[in-house]
Structure formats: C-alpha cells, structure tokens
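Chemist: Have a peek at upload29.cif (mmCIF, C-alpha atoms and all ligand atoms).
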```cif
data_my_file
loop_
_atom_site.label_atom_id
_atom_site.label_comp_id
_atom_site.auth_asym_id
_atom_site.auth_seq_id
_atom_site.Cartn_x
_atom_site.Cartn_y
_atom_site.Cartn_z
CA MET A 1 79.99 196.15 134.45
CA THR A 2 82.87 193.68 134.43
CA GLU A 3 82.54 193.21 138.25
CA ASP A 4 79.22 191.44 137.68
CA ARG A 5 80.65 189.05 135.15
CA GLY A 6 81.42 185.61 136.37
CA PRO A 7 81.75 182.07 135.14
CA ALA A 8 78.08 182.16 134.12
CA ASP A 9 78.77 184.20 131.06
CA SER A 10 80.04 181.56 128.67
CA PRO A 11 81.30 177.98 128.62
CA ALA A 12 84.71 179.33 127.57
CA GLU A 13 84.91 181.56 130.66
CA LEU A 14 83.76 178.70 132.88
CA LEU A 15 86.48 176.43 131.53
CA ALA A 16 89.18 179.08 131.82
CA GLY A 17 89.37 178.98 135.62
CA ALA A 18 88.16 175.41 136.18
CA ARG A 19 90.26 173.18 138.44
CA VAL A 20 89.55 169.44 138.37
CA PHE A 21 90.01 167.66 141.71
CA SER A 22 90.12 164.01 142.72
CA VAL A 23 90.08 162.85 146.33
CA PRO A 24 90.15 159.24 147.57
CA MET A 25 87.38 158.17 149.95
CA VAL A 26 87.99 156.53 153.32
CA HIS A 27 84.88 154.34 152.93
CA ARG A 28 83.23 153.33 149.70
CA PHE A 29 79.93 155.23 149.41
CA ARG A 30 77.22 155.03 146.76
CA GLY A 31 79.60 152.74 144.84
CA VAL A 32 82.17 155.54 144.72
CA THR A 33 85.76 155.22 145.98
CA VAL A 34 87.14 158.48 144.57
CA ARG A 35 85.26 161.79 144.75
CA GLU A 36 86.02 164.04 141.83
CA GLY A 37 84.68 167.17 140.19
CA VAL A 38 85.47 170.73 139.24
CA LEU A 39 86.06 173.87 141.27
CA LEU A 40 85.04 177.11 139.56
CA PRO A 41 86.32 180.51 140.64
CA GLY A 42 84.18 183.63 140.38
CA PRO A 43 83.77 187.12 141.80
CA ALA A 44 81.94 185.91 144.94
CA GLY A 45 84.16 182.89 145.67
CA TRP A 46 84.33 179.31 144.45
CA GLY A 47 81.67 176.90 143.25
CA GLU A 48 81.79 173.10 143.11
CA PHE A 49 80.50 171.08 140.15
CA ALA A 50 80.74 167.40 141.09
CA PRO A 51 77.73 165.40 139.86
CA PHE A 52 78.20 161.63 139.97
CA ARG A 53 79.48 160.04 136.76
CA ASP A 54 76.27 158.05 136.21
CA TYR A 55 74.18 161.24 135.91
CA SER A 56 73.11 162.39 132.46
CA ASP A 57 74.27 165.81 131.24
CA GLU A 58 70.68 167.11 131.65
CA GLN A 59 70.63 165.95 135.29
CA CYS A 60 73.82 167.97 135.88
CA VAL A 61 72.22 171.32 134.97
CA PRO A 62 71.10 172.18 138.55
CA TRP A 63 74.55 171.15 139.81
CA LEU A 64 76.12 173.70 137.47
CA ARG A 65 73.57 176.38 138.43
CA ALA A 66 74.45 175.78 142.09
CA ALA A 67 78.19 176.12 141.35
CA ILE A 68 77.61 179.34 139.40
CA GLU A 69 75.48 180.82 142.20
CA SER A 70 78.22 180.00 144.68
CA ALA A 71 80.96 181.58 142.52
CA THR A 72 79.04 184.65 141.42
CA VAL A 73 76.47 185.77 144.01
CA GLY A 74 77.37 184.09 147.30
CA TRP A 75 74.87 183.41 150.08
CA PRO A 76 71.83 184.87 151.82
CA GLU A 77 72.25 186.20 155.39
CA PRO A 78 72.91 183.45 157.97
CA ARG A 79 70.47 183.10 160.88
CA ARG A 80 72.72 180.97 163.08
CA ASP A 81 76.44 180.40 163.65
CA ARG A 82 76.45 176.62 164.20
CA VAL A 83 74.80 173.78 162.31
CA PRO A 84 74.35 170.46 164.16
CA VAL A 85 75.16 167.50 161.91
CA ASN A 86 74.84 163.74 161.81
CA ILE A 87 77.70 161.33 161.31
CA ILE A 88 77.07 159.25 158.19
CA VAL A 89 77.52 155.49 158.55
CA PRO A 90 78.08 153.81 155.17
CA VAL A 91 77.62 150.08 154.59
CA ILE A 92 80.57 148.95 156.73
CA ASP A 93 80.96 146.28 159.39
CA PRO A 94 79.52 146.94 162.88
CA ALA A 95 82.89 147.44 164.62
CA ARG A 96 84.01 150.07 162.11
CA ALA A 97 80.58 151.70 162.28
CA ALA A 98 80.86 151.99 166.06
CA ASP A 99 84.38 153.48 165.79
CA LEU A 100 83.23 156.01 163.21
CA VAL A 101 80.33 157.15 165.41
CA ALA A 102 82.41 157.27 168.60
CA ALA A 103 85.19 159.29 166.93
CA SER A 104 82.74 161.77 165.37
CA GLY A 105 81.47 163.51 168.49
CA CYS A 106 78.04 163.67 166.77
CA ARG A 107 74.85 163.03 168.74
CA THR A 108 72.96 161.92 165.63
CA ALA A 109 73.94 159.10 163.27
CA LYS A 110 72.52 158.30 159.87
CA VAL A 111 72.93 154.66 158.88
CA LYS A 112 72.71 153.52 155.26
CA VAL A 113 70.52 150.41 154.95
CA ALA A 114 68.98 148.15 152.29
CA ASP A 115 72.02 148.36 150.01
CA PRO A 116 71.67 146.06 146.96
CA GLY A 117 72.65 142.51 147.91
CA MET A 118 72.73 143.33 151.64
CA GLU A 119 70.88 141.20 154.20
CA LEU A 120 68.58 142.84 156.75
CA ALA A 121 70.55 141.00 159.47
CA ALA A 122 73.69 142.99 158.60
CA ASP A 123 71.73 146.25 158.75
CA LEU A 124 70.30 145.25 162.15
CA ASP A 125 73.80 144.48 163.49
CA ARG A 126 75.16 147.79 162.21
CA VAL A 127 72.28 149.79 163.66
CA ALA A 128 72.62 148.02 167.04
CA ALA A 129 76.37 148.75 167.06
CA VAL A 130 75.65 152.41 166.33
CA ARG A 131 73.19 152.55 169.25
CA ARG A 132 75.84 151.09 171.60
CA ALA A 133 78.42 153.63 170.38
CA LEU A 134 75.99 156.56 170.67
CA GLY A 135 74.54 155.68 174.07
CA PRO A 136 70.87 155.98 174.96
CA THR A 137 70.46 159.70 174.27
CA GLY A 138 71.67 160.03 170.66
CA ALA A 139 69.37 159.94 167.64
CA ILE A 140 69.55 157.32 164.88
CA ARG A 141 68.04 157.78 161.44
CA ILE A 142 68.32 155.36 158.51
CA ASP A 143 68.38 155.90 154.73
CA ALA A 144 67.13 153.15 152.39
CA ASN A 145 67.44 155.20 149.17
CA GLY A 146 64.02 153.97 147.97
CA ALA A 147 64.99 150.29 148.04
CA TRP A 148 61.85 148.81 149.63
CA THR A 149 58.30 148.16 148.52
CA VAL A 150 55.69 149.10 151.14
CA ALA A 151 55.28 145.42 152.02
CA GLU A 152 59.04 145.01 152.53
CA ALA A 153 59.40 148.31 154.38
CA ILE A 154 56.83 147.58 157.11
CA PRO A 155 58.61 144.62 158.76
CA ALA A 156 62.13 145.92 157.99
CA ILE A 157 61.40 149.28 159.63
CA ALA A 158 59.79 147.61 162.66
CA ARG A 159 62.93 145.50 163.25
CA LEU A 160 65.37 148.35 162.57
CA ASP A 161 63.34 150.62 164.90
CA GLU A 162 63.74 147.96 167.59
CA ALA A 163 67.49 147.49 166.94
CA ALA A 164 67.95 151.28 167.12
CA GLU A 165 65.85 151.52 170.31
CA GLY A 166 63.80 154.09 168.43
CA LEU A 167 64.50 155.62 165.02
CA GLU A 168 64.33 159.40 164.61
CA TYR A 169 63.13 158.96 161.01
CA VAL A 170 63.46 156.76 157.94
CA GLU A 171 64.79 158.51 154.83
CA GLN A 172 63.24 157.50 151.48
CA PRO A 173 62.17 153.96 152.45
CA CYS A 174 60.27 153.49 149.16
CA ARG A 175 60.60 155.10 145.76
CA THR A 176 57.39 157.10 145.22
CA LEU A 177 55.55 159.74 147.24
CA ALA A 178 52.39 157.61 147.03
CA GLU A 179 54.25 154.71 148.67
CA LEU A 180 55.66 157.01 151.36
CA ALA A 181 52.15 158.29 152.11
CA GLU A 182 50.81 154.74 152.44
CA LEU A 183 53.76 153.54 154.52
CA ARG A 184 53.64 156.59 156.80
CA LEU A 185 50.29 155.44 158.19
CA ARG A 186 51.63 151.96 158.91
CA VAL A 187 54.97 152.43 160.72
CA ARG A 188 55.96 154.12 163.97
CA PRO A 189 58.97 156.28 162.92
CA LYS A 190 58.71 159.51 160.97
CA ILE A 191 59.37 159.48 157.21
CA ALA A 192 61.78 161.77 155.30
CA ALA A 193 61.68 162.38 151.55
CA ASP A 194 64.97 162.76 149.64
CA GLU A 195 64.94 161.36 146.06
CA SER A 196 61.19 162.13 145.90
CA ILE A 197 62.18 165.81 145.99
CA ARG A 198 65.38 166.02 143.96
CA GLY A 199 64.11 163.41 141.46
CA ALA A 200 60.80 165.22 140.84
CA ALA A 201 60.18 166.83 137.43
CA ASP A 202 59.70 170.11 139.34
CA PRO A 203 61.12 169.96 142.89
CA ALA A 204 59.60 173.38 143.64
CA ALA A 205 56.13 171.91 143.13
CA VAL A 206 56.58 169.03 145.61
CA ARG A 207 54.19 169.28 148.58
CA LEU A 208 54.96 166.58 151.13
CA ALA A 209 51.82 167.04 153.25
CA ASP A 210 50.70 163.45 154.00
CA ALA A 211 53.72 161.71 152.43
CA ALA A 212 56.56 162.74 154.75
CA ASP A 213 57.45 164.55 157.98
CA VAL A 214 60.87 165.82 156.87
CA ALA A 215 62.25 167.23 153.59
CA ILE A 216 65.86 166.42 152.66
CA VAL A 217 67.30 169.30 150.65
CA LYS A 218 70.64 169.33 148.84
CA VAL A 219 72.16 172.42 147.27
CA ALA A 220 73.65 170.94 144.09
CA PRO A 221 70.83 168.72 142.78
CA LEU A 222 68.26 171.42 143.62
CA GLY A 223 70.08 174.16 141.69
CA GLY A 224 71.60 176.30 144.44
CA VAL A 225 71.06 177.69 147.93
CA ARG A 226 68.23 180.06 146.93
CA ALA A 227 66.39 177.42 144.90
CA ALA A 228 66.74 174.93 147.78
CA LEU A 229 65.38 177.52 150.25
CA ARG A 230 62.29 177.97 148.08
CA ILE A 231 61.85 174.20 147.72
CA ALA A 232 62.18 173.72 151.49
CA GLN A 233 59.57 176.40 152.06
CA GLY A 234 57.18 174.87 149.52
CA ALA A 235 57.56 171.32 150.88
CA GLY A 236 55.69 172.40 154.00
CA VAL A 237 57.63 170.29 156.55
CA PRO A 238 60.94 170.84 158.41
CA ALA A 239 64.05 170.59 156.21
CA VAL A 240 67.30 168.68 156.74
CA VAL A 241 70.19 169.92 154.59
CA SER A 242 72.34 167.10 153.31
CA SER A 243 75.50 166.89 151.20
CA ALA A 244 76.28 164.94 148.06
CA VAL A 245 79.61 163.95 149.65
CA ASP A 246 80.96 167.33 148.65
CA SER A 247 84.42 168.80 149.05
CA ALA A 248 84.84 171.73 151.43
CA VAL A 249 83.49 174.06 148.73
CA GLY A 250 80.20 172.18 148.28
CA LEU A 251 79.86 171.65 152.04
CA THR A 252 80.26 175.41 152.53
CA ALA A 253 77.25 175.94 150.25
CA GLY A 254 75.26 173.37 152.25
CA ILE A 255 76.22 175.13 155.48
CA ALA A 256 75.05 178.44 153.96
CA LEU A 257 71.67 176.85 153.19
CA ALA A 258 71.36 175.35 156.68
CA ALA A 259 72.34 178.72 158.19
CA ALA A 260 69.70 180.56 156.14
CA LEU A 261 66.72 178.30 156.90
CA PRO A 262 64.18 179.93 159.23
CA GLU A 263 63.88 176.73 161.33
CA LEU A 264 66.41 173.93 161.79
CA PRO A 265 64.92 171.38 164.18
CA TYR A 266 67.06 168.39 163.05
CA ALA A 267 70.79 167.74 162.64
CA CYS A 268 71.89 168.14 159.02
CA GLY A 269 73.62 165.60 156.76
CA LEU A 270 76.70 167.77 156.30
CA GLY A 271 79.11 165.59 158.29
CA THR A 272 80.27 163.75 155.17
CA GLY A 273 83.72 165.38 155.13
CA VAL A 274 84.95 162.47 157.27
CA LEU A 275 84.41 160.17 154.26
CA LEU A 276 87.09 162.01 152.27
CA ALA A 277 90.77 161.18 152.77
CA ASP A 278 91.79 164.68 151.64
CA ASP A 279 90.14 167.99 150.78
CA VAL A 280 90.52 171.23 148.85
CA CYS A 281 91.17 173.50 151.79
CA GLY A 282 93.42 173.25 154.80
CA ARG A 283 90.67 173.45 157.42
CA PRO A 284 87.65 171.85 155.77
CA PRO A 285 84.24 171.74 157.55
CA ARG A 286 84.45 168.85 160.03
CA PRO A 287 82.11 168.43 163.01
CA VAL A 288 83.31 169.58 166.43
CA ASP A 289 81.02 168.57 169.31
CA GLY A 290 78.46 167.48 166.72
CA ALA A 291 78.23 170.76 164.84
CA LEU A 292 79.82 172.73 162.01
CA GLU A 293 80.74 176.37 162.36
CA VAL A 294 79.12 178.77 159.90
CA VAL A 295 82.24 180.33 158.39
CA THR A 296 83.24 181.08 154.82
CA ARG A 297 85.99 178.87 153.52
CA ALA A 298 87.97 179.16 150.31
CA PRO A 299 90.08 176.40 148.79
CA ASP A 300 93.85 176.77 149.26
CA PRO A 301 95.92 177.06 146.07
CA ASP A 302 98.40 174.50 147.48
CA ARG A 303 95.62 172.06 148.33
CA ILE A 304 94.02 172.45 144.87
CA ASP A 305 97.38 171.48 143.37
CA GLU A 306 97.74 168.53 145.76
CA VAL A 307 94.35 167.08 144.85
CA ALA A 308 94.54 167.89 141.11
CA ALA A 309 93.05 165.05 139.05
CA GLY A 310 95.05 163.00 136.55
CA ALA A 311 94.83 163.34 132.77
CA GLU A 312 91.81 161.06 132.19
CA ALA A 313 89.62 162.69 134.85
CA THR A 314 90.71 166.19 133.85
CA ALA A 315 89.75 165.60 130.22
CA TYR A 316 86.46 163.96 131.25
CA TRP A 317 85.44 166.83 133.55
CA ARG A 318 86.44 169.63 131.21
CA ASP A 319 84.40 168.01 128.47
CA ARG A 320 81.44 167.38 130.75
CA LEU A 321 81.54 170.93 132.07
CA ARG A 322 81.57 172.32 128.52
CA ARG A 323 78.57 170.16 127.49
CA VAL A 324 76.54 170.94 130.62
CA ALA A 325 77.33 174.66 130.31
CA LEU A 326 75.93 174.67 126.76
CA ILE A 327 72.71 172.96 127.91
CA THR A 328 72.42 175.29 130.92
CA GLN A 329 72.97 178.36 128.74
CA ALA A 330 70.26 177.23 126.28
CA LEU A 331 67.79 176.52 129.12
CA THR A 332 68.52 179.84 130.83
CA GLN A 333 68.00 181.73 127.56
CA GLY A 334 64.76 179.83 127.01
CA ARG A 335 63.53 180.88 130.47
CA THR A 336 63.88 184.62 129.89
O1 LIG A 401 72.80 162.77 154.65
C1 LIG A 401 73.97 162.45 154.96
O2 LIG A 401 74.35 162.42 156.13
C2 LIG A 401 74.97 162.05 153.93
C3 LIG A 401 74.63 162.30 152.51
C4 LIG A 401 73.98 161.15 151.82
O3 LIG A 401 73.49 160.25 152.44
C5 LIG A 401 74.03 161.09 150.36
C6 LIG A 401 75.19 161.47 149.72
C7 LIG A 401 75.32 161.39 148.35
C8 LIG A 401 74.26 160.93 147.59
C9 LIG A 401 73.07 160.56 148.22
C10 LIG A 401 72.93 160.65 149.60
C11 LIG A 401 71.60 160.32 150.21
O4 LIG A 401 71.15 160.95 151.17
O5 LIG A 401 70.90 159.46 149.71
MG MG A 402 69.10 160.06 151.13
#
```
Rewrite the structure from the file as structure tokens, please.
Ligand SMILES: O=C(O)CCC(=O)c1ccccc1C(=O)O
Ligand SMILES: [Mg+2]
Modeler:
Amino acid sequence: MTEDRGPADSPAELLAGARVFSVPMVHRFRGVTVREGVLLPGPAGWGEFAPFRDYSDEQCVPWLRAAIESATVGWPEPRRDRVPVNIIVPVIDPARAADLVAASGCRTAKVKVADPGMELAADLDRVAAVRRALGPTGAIRIDANGAWTVAEAIPAIARLDEAAEGLEYVEQPCRTLAELAELRLRVRPKIAADESIRGAADPAAVRLADAADVAIVKVAPLGGVRAALRIAQGAGVPAVVSSAVDSAVGLTAGIALAAALPELPYACGLGTGVLLADDVCGRPPRPVDGALEVVTRAPDPDRIDEVAAGAEATAYWRDRLRRVALITQALTQGRT
C-alpha cells in the first residue's frame, strides 16, 4: 500500500523531501529574530517541523509527530469556517504596540509582559496604549510566561488589570499549577494555563479544574491536531489554540485544530503571521476583520525557494531532523 506511506516511514524518507526555510521576523519575539525550520511533504499535504533551537532533541519529538500527522493524515472535519484571533503584541514600545493593534483589525489583543529585565511600568504603558488603540469594547489578555511568584503576580496583575480597564485573562502568570490555583483565588481576572500543559510530563493527564479557567493548546508541542484535541477535552475548561510563531503550514494545522474543537468561546492565538516578514505560501493565513478563514493552504514552490535557508541552517536542520526522527521512531516502536 504505497499510498499510505509517508514521511513517517524512515528518517531517510523524511529527509528526502525536507525543505529548510528561514524567514526574518518583523519584531523580535521570544529572543528570536529569524524563524526557521523544515517543511515536510507527504501524501496528505505538508507538515512543519520548527522547534526552537534551545529545545532538546527529546522535546522535539511531539513537534515531529505533529508534522508527520499533517503530511500523512490531514485533519478532522471542521465545525466552523472562521476562527477569531488575537493580535499578538511583543515587548515593543507603546506607540508601535498601538500601531500594530490598530492595523490588525483584531478585537482581542494579547500583550507579552514580565519579560526578563523589563520594568512593570513599561508593561503598564504598553497595555494602556493597547487599550487606547482597541477602544473600550476590545478584549486584552496578557502572557507572563510563568515569570512571577504568587506574591509578585498579585500586585502586578491588579495594576495591569487597571491599565487594561479589565483583563480578559492572564496566561501562565506563575510557573506551576499549584501556584496558578493559589493565585486564581486572589486576583480578579481569569487564569489561562500554557506551559503548565505543554511542559507537563503527560499533557493528556493535565486536569486544570481549580488551577485555570482556560487551556492554551498548541499543535506542535502537543504532538498534533488529534493529540491536542484530546488534551483540550481532558483539561476540562475552554481551549484557546495558539501558534508557536509558525509559518503558513504550521498555522494551517492550528486553524484545523481550532476548527475541529466542539466549543470556541475565545479568540485564538493564531494571528502571529504578522510577526513574519515573509512566508512559505503566497496567501498565508492573516486576520481579516479579526478572524482567519478555515481553508487549506499549501506552500508555493516559488516561495519555498525564496525563503530557503542558507548552508549553516540547512545543515543544522537536516541533522536535527535525522536525530529527532530516530528518537521518534524508537519511541513509536516502544509504544506498540
Ligand atoms: O498566543 C499568541 O497569540 C501568540 C503565540 C505565543 O504567544 C507564543 C509563541 C511562541 C512560543 C510561546 C508563546 C506563548 O504563548 O507563550
Ligand atoms: Mg503563552
């Protein structure tokens, strides 16, 4: 059954069709100024394998599983044709933050806060600028990426909630689920868990119950659309699908997850395309009137050539892909 064969079958087959891409970013994000990774072709389409460079090979296994799912089996049935998204506001000055929000057409903004070395005052100014740009009806959420202790989070969240004129939720204010549970009883805004899910030894076993009101789910770190659907279900609270600053191929997988979720009460974090100066297809997913259309997109051969990585990155990614494929293969064989 050659039709069923895909890049999953062996590291050699995976490497055969792999295309390494490198795209500059408009705004530095998560310390990254260039987004790079691998596109993998398969019988169902393309998959993206683009874990951050600081991840260990073992941490990259779910990212590869997600890419293989995308290339070989495609997506579950969509339940909607539009996915509302937030504009992402990196750690930039207030005037640029306001411009980004105003230009986006999004009615929800997610502001990164508590970056290492950043003063709370700068976060307050940025959040206030975002509120002015959004007007009184838009929603503002913040993401602290686990930076605060409970004692630090309580006053910081109170002031940011005030600057925002009401926060929709606070994403991963502290590192652990126990801290989130404690904090949740002591602040006004809702709490969302992100790293507490994807960083768990077994994300499928995470039950948020008293710790958080919202589950952030990401296709690549959770091992694919189907795995993320199961994790969202198990978490027991509404899910928000977010990207890992993916190219059009990874965003398409995130859109498929958001489209397949039974309920989608919040805007998703899939508006990150605006952070990339270029992309792998001609009409990449970009928000129009605050939402993304649920359509299948394939990378364009011309675009793949245009964004092809240089020699160093190409060698790095081919080597990393080969190593992660070997680990993934061994784990998959061990499972069955
Ligand atoms: O959710 C969004 O709007 C953007 C995605 C995002 O913030 C993100 C992107 C890459 C790595 C980590 C994160 C994060 O949510 O912490
Ligand atoms: Mg987050």
Chemist: Please determine, counting all atoms listed in the file, which residue among A:Cys174, A:Leu276, A:Val225, A:Ala44 has the shortest atom-to-atom distance to Ser196 of chain A.
Modeler: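 Comparing A:Cys174, A:Leu276, A:Val225, A:Ala44 against Ser196 of chain A, the winner is A:Cys174.
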Chemist: With ligand LIG 401 (chain A) as the partner and 9 Å as the cut-off, tabulate the residues of chain A that qualify, each row holding the nearest pair of atoms and their distance in Å to one decimal, using all atoms listed in the file, sorted by chain and rising number, as a Markdown table.
Modeler:
```
| residue | atom | partner | partner_atom | distance |
| --- | --- | --- | --- | --- |
| A:Phe29 | CA | A:LIG401 | C7 | 7.8 |
| A:Arg30 | CA | A:LIG401 | C8 | 6.7 |
| A:Phe52 | CA | A:LIG401 | C8 | 8.6 |
| A:Val85 | CA | A:LIG401 | O2 | 7.7 |
| A:Asn86 | CA | A:LIG401 | O2 | 5.9 |
| A:Ile87 | CA | A:LIG401 | O2 | 6.3 |
| A:Ile88 | CA | A:LIG401 | O2 | 4.7 |
| A:Val89 | CA | A:LIG401 | O2 | 8.0 |
| A:Pro90 | CA | A:LIG401 | O3 | 8.4 |
| A:Ala109 | CA | A:LIG401 | O2 | 7.9 |
| A:Lys110 | CA | A:LIG401 | O2 | 5.9 |
| A:Val111 | CA | A:LIG401 | O2 | 8.4 |
| A:Lys112 | CA | A:LIG401 | O3 | 7.3 |
| A:Asp143 | CA | A:LIG401 | O5 | 6.7 |
| A:Ala144 | CA | A:LIG401 | O5 | 7.8 |
| A:Asn145 | CA | A:LIG401 | O5 | 5.5 |
| A:Gly146 | CA | A:LIG401 | O5 | 9.0 |
| A:Glu171 | CA | A:LIG401 | O4 | 7.7 |
| A:Gln172 | CA | A:LIG401 | O5 | 8.1 |
| A:Asp194 | CA | A:LIG401 | O4 | 6.6 |
| A:Glu195 | CA | A:LIG401 | O5 | 7.2 |
| A:Ile216 | CA | A:LIG401 | O4 | 7.8 |
| A:Lys218 | CA | A:LIG401 | O4 | 8.7 |
| A:Val240 | CA | A:LIG401 | O1 | 8.3 |
| A:Val241 | CA | A:LIG401 | O1 | 7.6 |
| A:Ser242 | CA | A:LIG401 | O1 | 4.6 |
| A:Ser243 | CA | A:LIG401 | C3 | 4.9 |
| A:Ala244 | CA | A:LIG401 | C7 | 3.7 |
| A:Val245 | CA | A:LIG401 | C6 | 5.1 |
| A:Asp246 | CA | A:LIG401 | C7 | 8.2 |
| A:Cys268 | CA | A:LIG401 | O2 | 6.9 |
| A:Gly269 | CA | A:LIG401 | O2 | 3.3 |
| A:Leu270 | CA | A:LIG401 | O2 | 5.8 |
| A:Gly271 | CA | A:LIG401 | O2 | 6.1 |
| A:Thr272 | CA | A:LIG401 | C2 | 5.7 |
```
Chemist: Find the residue from A:Val288, A:Ala227, A:Ala114, A:Ala253 that sits nearest to ligand MG 402 (chain A); use only C-alpha atoms and all ligand atoms when measuring.
Modeler: A:Ala114
Chemist: Give me, please, the distance in Å between atom CA of Thr296 of chain A and atom CA of Asp278 of chain A, quoted to one decimal.
Modeler: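 If I compute the distance from atom CA of Thr296 of chain A to atom CA of Asp278 of chain A, I get 18.8 Å.
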Chemist: Which neighbours of Asp300 of chain A fall inside 7 Å, counting all atoms listed in the file, when residues of the same chain fewer than 5 positions from it are skipped, and could you give them as a PDB file with C-alpha atoms, in the coordinates of the input?
Modeler:
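Result saved to selection-v5.pdb:
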```pdb
ATOM      1  CA  VAL A 280      90.520 171.230 148.850  1.00  0.00           C
ATOM      2  CA  CYS A 281      91.170 173.500 151.790  1.00  0.00           C
ATOM      3  CA  GLY A 282      93.420 173.250 154.800  1.00  0.00           C
TER       4      GLY A 282
END
```
Chemist: Pick out the closest residue to ligand MG 402 (chain A) from this set: A:Ile157, A:Leu275, A:Ala147, A:Ala248. Count only C-alpha atoms and all ligand atoms.
Modeler: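 Closest residue, counting only C-alpha atoms and all ligand atoms: A:Ala147.
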Chemist: Determine the nearest neighbour of ligand MG 402 (chain A) from the options A:Ile197, A:Asp123, A:Ala12, A:Ala151, counting only C-alpha atoms and all ligand atoms.
Modeler: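 Distance minimum relative to ligand MG 402 (chain A) lands on A:Ile197.
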Chemist: Given all atoms listed in the file as the basis, pick out the residue of A:Arg323, A:Arg198, A:Arg286, A:Arg107 nearest to ligand MG 402 (chain A).
Modeler: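 Closest to ligand MG 402 (chain A) of all the choices is A:Arg198.
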Chemist: Name the residues in contact with Pro301 of chain A at a cut-off of 12 Å, using all atoms listed in the file, excluding same-chain residues fewer than 4 positions from it; report them as a ChimeraX atom specification.
Modeler: /A:19,21,39,41,46,279-282,305-308
Chemist: Residues of the last selection are to be written out with C-alpha atoms, as an mmCIF file, in the frame of the given file.
Modeler:
```cif
data_model
loop_
_atom_site.group_PDB
_atom_site.id
_atom_site.type_symbol
_atom_site.label_atom_id
_atom_site.label_comp_id
_atom_site.auth_asym_id
_atom_site.auth_seq_id
_atom_site.Cartn_x
_atom_site.Cartn_y
_atom_site.Cartn_z
ATOM 1 C CA ARG A 19 90.260 173.180 138.440
ATOM 2 C CA PHE A 21 90.010 167.660 141.710
ATOM 3 C CA LEU A 39 86.060 173.870 141.270
ATOM 4 C CA PRO A 41 86.320 180.510 140.640
ATOM 5 C CA TRP A 46 84.330 179.310 144.450
ATOM 6 C CA ASP A 279 90.140 167.990 150.780
ATOM 7 C CA VAL A 280 90.520 171.230 148.850
ATOM 8 C CA CYS A 281 91.170 173.500 151.790
ATOM 9 C CA GLY A 282 93.420 173.250 154.800
ATOM 10 C CA ASP A 305 97.380 171.480 143.370
ATOM 11 C CA GLU A 306 97.740 168.530 145.760
ATOM 12 C CA VAL A 307 94.350 167.080 144.850
ATOM 13 C CA ALA A 308 94.540 167.890 141.110
#
```
Chemist: Can you tell me which residues surround segment 175-192 of chain A at a distance of at most 6 Å, considering only C-alpha atoms, apart from same-chain residues fewer than 5 positions away, and format the answer as a ChimeraX atom specification?
Modeler: /A:146,150,167,169-170,210-215
Chemist: Would you list the contacts of Arg96 of chain A as a PyMOL selection string, taking every protein, DNA or RNA residue within 12 Å and counting only C-alpha atoms, but skipping same-chain residues closer than 3 positions in sequence?
Modeler: chain A and resi 26-27+89-93+99-103+125-127+129-130+133
Chemist: The selected residues should be written to file as a PDB file, keeping the file's coordinate frame (atoms: C-alpha atoms).
Modeler:
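Output saved as selection_4.pdb:
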```
ATOM      1  CA  VAL A  26      87.990 156.530 153.320  1.00  0.00           C
ATOM      2  CA  HIS A  27      84.880 154.340 152.930  1.00  0.00           C
ATOM      3  CA  VAL A  89      77.520 155.490 158.550  1.00  0.00           C
ATOM      4  CA  PRO A  90      78.080 153.810 155.170  1.00  0.00           C
ATOM      5  CA  VAL A  91      77.620 150.080 154.590  1.00  0.00           C
ATOM      6  CA  ILE A  92      80.570 148.950 156.730  1.00  0.00           C
ATOM      7  CA  ASP A  93      80.960 146.280 159.390  1.00  0.00           C
ATOM      8  CA  ASP A  99      84.380 153.480 165.790  1.00  0.00           C
ATOM      9  CA  LEU A 100      83.230 156.010 163.210  1.00  0.00           C
ATOM     10  CA  VAL A 101      80.330 157.150 165.410  1.00  0.00           C
ATOM     11  CA  ALA A 102      82.410 157.270 168.600  1.00  0.00           C
ATOM     12  CA  ALA A 103      85.190 159.290 166.930  1.00  0.00           C
ATOM     13  CA  ASP A 125      73.800 144.480 163.490  1.00  0.00           C
ATOM     14  CA  ARG A 126      75.160 147.790 162.210  1.00  0.00           C
ATOM     15  CA  VAL A 127      72.280 149.790 163.660  1.00  0.00           C
ATOM     16  CA  ALA A 129      76.370 148.750 167.060  1.00  0.00           C
ATOM     17  CA  VAL A 130      75.650 152.410 166.330  1.00  0.00           C
ATOM     18  CA  ALA A 133      78.420 153.630 170.380  1.00  0.00           C
TER      19      ALA A 133
END
```
Chemist: Hey, can you check how far atom CA of Asp57 of chain A sits from atom CA of Leu321 of chain A?
Modeler: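 Separating atom CA of Asp57 of chain A from atom CA of Leu321 of chain A is a distance of 8.9 Å.
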Chemist: With distances taken over all atoms listed in the file, which residue among A:Thr314, A:Arg132, A:Val274, A:Val113 lies nearest ligand MG 402 (chain A)?
Modeler: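 Of all the options, A:Val113 lies closest to ligand MG 402 (chain A).
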Chemist: Mind checking which residues fall within 6 Å of Ala235 of chain A, counting only C-alpha atoms, ignoring those fewer than 4 positions away in the same chain, and posting them as a list in words?
Modeler: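 Once the adjacent positions are removed, what remains is Val206, Arg207 and Leu208 of chain A.
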